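Structure data follow from coords-v3.csv (CSV, C-alpha atoms):
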chain,number,residue,atom,x,y,z
J,1216,MET,CA,99.8,101.1,69.7
J,1217,GLY,CA,100.3,104.8,69.1
J,1218,ALA,CA,103.4,107.0,69.2
J,1219,PHE,CA,105.1,106.9,72.5
J,1220,GLN,CA,105.0,110.1,74.6
J,1221,PHE,CA,106.2,110.9,78.1
J,1222,ASP,CA,103.4,112.4,80.3
J,1223,VAL,CA,103.7,114.4,83.5
J,1224,VAL,CA,102.2,111.6,85.7
J,1225,SER,CA,104.6,108.9,84.5
J,1226,ILE,CA,107.5,111.2,84.9
J,1227,ILE,CA,106.5,112.0,88.5
J,1228,LEU,CA,106.1,108.3,89.3
J,1229,LEU,CA,109.4,107.3,87.6
J,1230,VAL,CA,111.3,110.0,89.3
J,1231,GLY,CA,109.8,109.1,92.6
J,1232,PHE,CA,110.7,105.4,92.1
J,1233,ILE,CA,114.3,106.2,91.2
J,1234,ALA,CA,114.5,108.6,94.2
J,1235,PHE,CA,113.5,105.8,96.6
J,1236,VAL,CA,116.0,103.4,95.1
J,1237,VAL,CA,118.8,106.0,95.4
J,1238,ILE,CA,117.8,107.0,98.9
J,1239,GLY,CA,117.7,103.4,99.9
J,1240,ALA,CA,121.2,102.7,98.5
J,1241,ILE,CA,122.6,105.8,100.3
J,1242,GLN,CA,121.0,105.2,103.6
J,1243,GLY,CA,121.5,101.4,103.6
J,1244,PHE,CA,119.2,98.5,104.4
J,1245,PHE,CA,119.5,98.8,108.2
J,1246,LYS,CA,118.5,102.4,108.4
J,1247,VAL,CA,115.6,102.1,105.9
J,1248,LEU,CA,114.3,99.0,107.5
J,1249,ILE,CA,114.7,100.5,111.0
J,1250,ASP,CA,112.9,103.7,109.9
J,1251,LEU,CA,110.1,101.7,108.3
J,1252,GLY,CA,109.8,99.4,111.3
J,1253,SER,CA,109.9,102.2,113.8
J,1254,SER,CA,107.1,104.0,112.1
J,1255,ILE,CA,104.9,100.9,112.1
J,1256,LEU,CA,105.9,99.9,115.6
J,1257,SER,CA,105.3,103.5,116.9
J,1258,ALA,CA,101.9,103.6,115.4
J,1259,ILE,CA,100.9,100.2,116.7
J,1260,VAL,CA,102.2,100.8,120.3
J,1261,SER,CA,100.7,104.3,120.4
J,1262,ILE,CA,97.2,103.0,119.3
J,1263,PHE,CA,97.1,100.0,121.7
J,1264,LEU,CA,98.7,101.7,124.7
J,1265,ALA,CA,97.2,105.2,124.3
J,1266,LYS,CA,94.0,104.4,126.2
J,1267,PRO,CA,95.3,102.5,129.2
J,1268,VAL,CA,98.2,104.9,129.7
J,1269,GLY,CA,95.9,107.9,129.0
J,1270,MET,CA,93.4,106.6,131.7
J,1271,PHE,CA,96.3,106.2,134.1
J,1272,ILE,CA,97.4,109.8,133.5
J,1273,TYR,CA,93.8,111.0,133.9
J,1274,ASN,CA,93.3,109.0,137.1
J,1275,THR,CA,96.3,110.6,138.7
J,1276,GLY,CA,94.1,113.7,139.2
J,1277,CYS,CA,96.6,116.0,137.4
J,1278,PHE,CA,93.7,117.6,135.5
J,1279,THR,CA,91.4,118.1,138.5
J,1280,LYS,CA,91.8,121.9,138.6
J,1281,ALA,CA,91.5,122.2,134.9
J,1282,ILE,CA,88.3,120.1,134.8
J,1283,ASP,CA,86.8,122.3,137.5
J,1284,LYS,CA,87.6,125.4,135.6
J,1285,CYS,CA,86.2,123.9,132.4
J,1286,THR,CA,83.0,122.9,134.2
J,1287,ALA,CA,82.6,126.4,135.7
J,1288,PHE,CA,83.2,128.0,132.3
J,1289,LEU,CA,80.5,125.9,130.6
J,1290,ILE,CA,78.0,126.6,133.4
J,1291,SER,CA,78.7,130.4,133.0
J,1292,LYS,CA,77.9,130.2,129.3
J,1293,HIS,CA,74.4,128.7,129.6
J,1294,SER,CA,72.1,127.2,132.2
J,1295,VAL,CA,71.6,124.1,130.0
J,1296,PHE,CA,75.0,122.9,131.2
J,1297,GLU,CA,73.7,122.6,134.7
J,1298,SER,CA,71.1,120.1,133.6
J,1299,VAL,CA,71.5,116.6,135.1
J,1300,ILE,CA,71.9,114.0,132.4
J,1301,THR,CA,70.3,110.6,132.1
J,1302,SER,CA,70.6,107.8,129.5
J,1303,GLU,CA,67.4,109.1,127.9
J,1304,ASN,CA,68.2,112.8,127.6
J,1305,LYS,CA,72.0,112.7,127.3
J,1306,HIS,CA,72.4,113.1,123.5
J,1307,GLU,CA,69.7,115.7,123.3
J,1308,LEU,CA,71.1,117.9,126.1
J,1309,ILE,CA,74.7,117.6,125.0
J,1310,GLU,CA,73.8,118.6,121.4
J,1311,LYS,CA,71.7,121.5,122.7
J,1312,GLY,CA,74.5,122.7,125.0
J,1313,LEU,CA,77.3,122.4,122.3
J,1314,ASP,CA,75.0,124.2,119.9
J,1315,HIS,CA,75.8,127.4,121.8
J,1316,PHE,CA,79.5,127.0,120.7
J,1317,ASN,CA,78.4,126.3,117.1
J,1318,VAL,CA,79.7,122.7,117.4
J,1319,PRO,CA,78.3,120.5,114.6
J,1320,SER,CA,75.8,117.9,115.7
J,1321,VAL,CA,78.1,115.2,114.2
J,1322,LEU,CA,80.9,116.2,116.6
J,1323,SER,CA,78.6,116.5,119.6
J,1324,GLY,CA,77.4,113.0,118.8
J,1325,VAL,CA,81.0,111.8,118.8
J,1326,LEU,CA,81.8,113.4,122.1
J,1327,SER,CA,78.7,111.9,123.6
J,1328,SER,CA,79.6,108.4,122.3
J,1329,ILE,CA,83.2,108.7,123.6
J,1330,GLY,CA,81.9,109.8,127.0
J,1331,GLU,CA,79.5,106.8,127.2
J,1332,LYS,CA,82.4,104.4,126.4
J,1333,ILE,CA,84.8,106.0,128.9
J,1334,MET,CA,82.3,106.9,131.6
J,1335,PRO,CA,79.1,104.8,131.1
J,1336,GLU,CA,77.8,105.7,134.6
J,1337,THR,CA,76.7,109.3,134.8
J,1338,ASN,CA,75.7,109.1,138.5
J,1339,GLY,CA,73.5,112.2,138.2
J,1340,GLU,CA,76.3,114.4,136.7
J,1341,THR,CA,75.6,117.6,135.0
J,1342,ILE,CA,76.3,118.1,131.3
J,1343,ALA,CA,79.2,120.4,132.3
J,1344,ILE,CA,80.9,117.8,134.4
J,1345,PHE,CA,80.3,115.0,131.9
J,1346,LEU,CA,81.7,117.1,129.0
J,1347,SER,CA,84.7,118.4,131.0
J,1348,ASN,CA,85.7,114.9,132.1
J,1349,THR,CA,85.2,113.6,128.6
J,1350,LEU,CA,87.4,116.3,127.0
J,1351,PHE,CA,90.2,115.8,129.5
J,1352,VAL,CA,90.1,112.0,129.1
J,1353,VAL,CA,90.4,112.5,125.4
J,1354,ALA,CA,93.3,114.9,126.0
J,1355,SER,CA,95.0,112.3,128.3
J,1356,ILE,CA,94.7,109.6,125.6
J,1357,ILE,CA,96.2,111.9,123.0
J,1358,ILE,CA,99.0,112.9,125.3
J,1359,ALA,CA,99.7,109.2,126.1
J,1360,GLY,CA,99.7,108.4,122.4
J,1361,LEU,CA,102.3,111.1,121.7
J,1362,LEU,CA,104.4,110.0,124.6
J,1363,MET,CA,104.4,106.4,123.5
J,1364,PHE,CA,105.3,107.5,120.0
J,1365,ALA,CA,108.2,109.6,121.2
J,1366,LEU,CA,109.5,106.9,123.6
J,1367,ILE,CA,109.6,104.3,120.7
J,1368,ASN,CA,111.5,106.8,118.5
J,1369,ILE,CA,114.0,107.5,121.3
J,1370,ILE,CA,114.7,103.8,121.7
J,1371,VAL,CA,115.0,103.4,117.9
J,1372,PHE,CA,117.4,106.4,117.8
J,1373,ILE,CA,119.7,104.7,120.4
J,1374,PHE,CA,119.5,101.4,118.4
J,1375,LYS,CA,120.5,103.4,115.2
J,1376,LEU,CA,123.8,104.5,116.9
J,1377,PHE,CA,124.6,100.8,117.4
J,1378,VAL,CA,123.8,99.9,113.8
J,1379,LYS,CA,125.9,102.8,112.6
J,1380,LYS,CA,129.0,101.1,114.2
J,1381,LEU,CA,128.2,98.0,112.2
J,1382,ASP,CA,128.3,100.0,109.0
J,1383,GLU,CA,131.9,100.8,109.6
J,1384,ILE,CA,132.8,97.1,108.8
J,1385,LYS,CA,133.6,97.0,105.0
J,1386,PHE,CA,131.8,93.8,104.1
J,1387,VAL,CA,128.7,94.8,106.2
J,1388,ARG,CA,128.7,98.2,104.6
J,1389,LYS,CA,128.6,96.9,101.0
J,1390,LEU,CA,125.9,94.4,101.8
J,1391,ASN,CA,124.0,97.1,103.8
J,1392,HIS,CA,123.8,99.6,100.9
J,1393,SER,CA,123.1,96.9,98.2
J,1394,LEU,CA,120.1,95.6,100.2
J,1395,GLY,CA,119.2,99.3,100.9
J,1396,ALA,CA,118.7,99.8,97.2
J,1397,LEU,CA,116.5,96.7,97.1
J,1398,ILE,CA,114.3,97.8,99.9
J,1399,GLY,CA,114.3,101.3,98.3
J,1400,ALA,CA,112.9,99.7,95.1
J,1401,VAL,CA,110.1,98.1,97.2
J,1402,ASN,CA,109.3,101.5,98.7
J,1403,GLY,CA,109.3,102.9,95.2
J,1404,CYS,CA,106.8,100.3,94.1
J,1405,ILE,CA,104.6,101.3,97.0
J,1406,PHE,CA,104.9,104.9,96.0
J,1407,VAL,CA,103.9,104.1,92.4
J,1408,LEU,CA,100.9,102.0,93.6
J,1409,ALA,CA,99.8,104.8,95.9
J,1410,GLY,CA,100.2,107.3,93.0
J,1411,LEU,CA,98.0,105.1,90.8
J,1412,VAL,CA,95.3,104.8,93.4
J,1413,ILE,CA,95.3,108.6,93.8
J,1414,LEU,CA,95.2,109.0,90.0
J,1415,SER,CA,92.3,106.6,89.7
J,1416,LEU,CA,90.4,108.4,92.5
J,1417,LEU,CA,91.0,111.9,91.0
J,1418,LEU,CA,89.7,110.7,87.6
J,1419,LEU,CA,86.4,109.8,89.3
J,1420,ILE,CA,85.9,113.5,90.1
J,1421,PRO,CA,84.0,115.0,87.1
J,1422,PRO,CA,85.8,118.4,87.1
J,1423,LEU,CA,89.2,116.8,87.2
J,1424,HIS,CA,88.5,113.9,84.8
J,1425,GLU,CA,89.1,115.8,81.5
J,1426,PRO,CA,92.3,117.8,82.5
J,1427,ILE,CA,94.0,114.8,84.1
J,1428,GLY,CA,92.8,112.5,81.3
J,1429,ASN,CA,94.5,115.0,78.8
J,1430,LEU,CA,97.7,114.8,80.8
J,1431,ILE,CA,98.0,111.1,80.2
J,1432,ALA,CA,96.3,111.1,76.8
J,1433,LEU,CA,93.6,108.8,78.2
J,1434,ASN,CA,91.2,109.3,75.3
J,1435,ASN,CA,93.8,109.6,72.5
J,1436,ASP,CA,94.3,106.2,70.9
J,1437,GLU,CA,97.1,107.6,68.7
J,1438,VAL,CA,99.3,108.3,71.7
J,1439,PHE,CA,100.8,105.8,74.1
J,1440,THR,CA,101.9,107.1,77.5
J,1441,ILE,CA,103.2,105.2,80.6
J,1442,GLY,CA,100.6,107.0,82.7
J,1443,LYS,CA,97.7,105.7,80.6
J,1444,TRP,CA,99.2,102.2,80.5
J,1445,LEU,CA,99.5,102.1,84.2
J,1446,TYR,CA,96.0,103.5,84.7
J,1447,GLU,CA,94.5,100.9,82.3
J,1448,LEU,CA,96.1,98.1,84.4
J,1449,ASP,CA,93.3,98.8,86.8
J,1450,ILE,CA,95.4,98.4,90.0
J,1451,ILE,CA,92.4,99.2,92.2
J,1452,GLY,CA,90.4,96.5,90.6
J,1453,TRP,CA,93.1,94.0,91.2
J,1454,ILE,CA,93.5,95.0,94.8
J,1455,LEU,CA,89.7,94.7,95.3
J,1456,LYS,CA,89.7,91.2,93.8
J,1457,ILE,CA,92.6,90.1,96.0
J,1458,ILE,CA,90.8,91.2,99.2
J,1459,GLY,CA,87.6,89.6,97.9
J,1460,LEU,CA,85.5,92.8,97.3

Represent the structure from my file as structure tokens, please.
Amino acid sequence: MGAFQFDVVSIILLVGFIAFVVIGAIQGFFKVLIDLGSSILSAIVSIFLAKPVGMFIYNTGCFTKAIDKCTAFLISKHSVFESVITSENKHELIEKGLDHFNVPSVLSGVLSSIGEKIMPETNGETIAIFLSNTLFVVASIIIAGLLMFALINIIVFIFKLFVKKLDEIKFVRKLNHSLGALIGAVNGCIFVLAGLVILSLLLLIPPLHEPIGNLIALNNDEVFTIGKWLYELDIIGWILKIIGL
């Protein structure tokens, strides 16, 4: 083993780990756990309820005037938007129409796919009507997702006020902040693992391999750095083995 040397990468990871432990100890177990749980819960609820709630918002007809204006706007831009779509010509005509707005073919394909899943029956609609409805359905789903996310966080905020009262009890306060440091350490480990994954990915990019490798003395056998040691543990390889890839 060569001479020990601190490197920038290991310093960042070490400082990040310590910061998470300190923050966890200061905030306490309840707050850290609630924040982590609320983030996960908000994401799950938003993902699963965004579509049904979004479709409910869309079906209320609140976007009817906006859809009509969008349809008229598209038709005014090019006659292709007046074309009636069928299952055979849908993708071709949509791509042709969106090409006038310099929309990449990949994105036009995505819009077409979303439209098919949301509104599989075209019923002789024009491209303008199909695209307008698709866009506002997507907008409704996004709005619904944001509303669900905000609602969960409001509920969590109210729950935090109750937990804050518990922290006023001496015994509970000591236990709360001790466990907070523990869960902070767990978050710190996650931070370090994420940093190692990012480091491994950056080293795969040819222009970045040499400068980053020099930072952690990757090719210098006479120097030992924490960053090099962590990288050589091959965390990504272990993760892939665990999940069977």

- Item | Point (76.9, 121.2, 135.7) neighbourhood (7 Å, all atoms listed in the file) written as a list in words |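 Using all atoms listed in the file, the matching residues come out as Thr1286, Ile1290, Phe1296, Glu1297, Ser1298, Glu1340, Thr1341, Ile1342, Ala1343 and Ile1344 of chain J.
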
With C-alpha atoms retained, export the selected residues as a compact mmCIF listing (two decimals), keeping the file's coordinate frame.
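As a result, out_14.txt now contains:
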# COMPACT_ATOMS: atom_id res chain seq x y z
CA THR J 1286 83.00 122.90 134.20
CA ILE J 1290 78.00 126.60 133.40
CA PHE J 1296 75.00 122.90 131.20
CA GLU J 1297 73.70 122.60 134.70
CA SER J 1298 71.10 120.10 133.60
CA GLU J 1340 76.30 114.40 136.70
CA THR J 1341 75.60 117.60 135.00
CA ILE J 1342 76.30 118.10 131.30
CA ALA J 1343 79.20 120.40 132.30
CA ILE J 1344 80.90 117.80 134.40

- Query: Hey, can you check how far CA of Ala1359 in chain J sits from CA of Gly1269 in chain J?
  - Reply: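 It comes out at 5.0 Å.
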
- Rank nothing, just name the residue among J:Ile1238, J:Ile1356, J:Ile1249, J:Leu1346 nearest to Pro1267 in chain J, using only C-alpha atoms. J:Ile1356

- Message: If I take CA of Ser1254 in chain J and CA of Asn1402 in chain J, how far is one from the other in Å, to one decimal?
- Response: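 These two atoms are separated by 13.8 Å.
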
- Message: What's around Ile1431 in chain J at 10 Å? Count all atoms listed in the file, leave out sequence neighbours fewer than 3 positions away in its own chain, and write the answer as a ChimeraX atom specification.
- Response: /J:1220-1225,1426-1428,1434-1435,1438-1446

- Task: Please check which residues have atoms at most 10 Å from (98.1, 103.7, 129.9) in the file's coordinates, counting all atoms listed in the file, and write them as a ChimeraX atom specification.
- Result: /J:1261,1263-1273,1355-1356,1359-1360,1363

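Atom pair CA of Lys1246 in chain J / CA of Cys1404 in chain J has a distance of 18.6 Å (rounded to one decimal).
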
- Message: Considering only C-alpha atoms, can you say which of J:Ile1241, J:Ile1259, J:Ile1373, J:Leu1408 comes closest to Asn1391 in chain J?
- Response: J:Ile1241

- Among listed residues J:Gly1312, J:Lys1280, J:Thr1275, J:Ile1227, nearest Lys1292 in chain J (using all atoms listed in the file):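 For Lys1292 in chain J, the nearest of the candidates is J:Gly1312.
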
- Message: Just checking: using all atoms listed in the file, which residue out of J:Ser1393, J:Asn1429, J:Phe1351, J:Ser1291 ends up closest to Phe1278 in chain J?
- Response: J:Phe1351

- Tell me, as a ChimeraX atom specification, which residues lie within 12 Å of Leu1256 in chain J, counting all atoms listed in the file; anything in the same chain fewer than 3 positions away does not count. /J:1248-1253,1259-1264,1363-1368,1370-1371
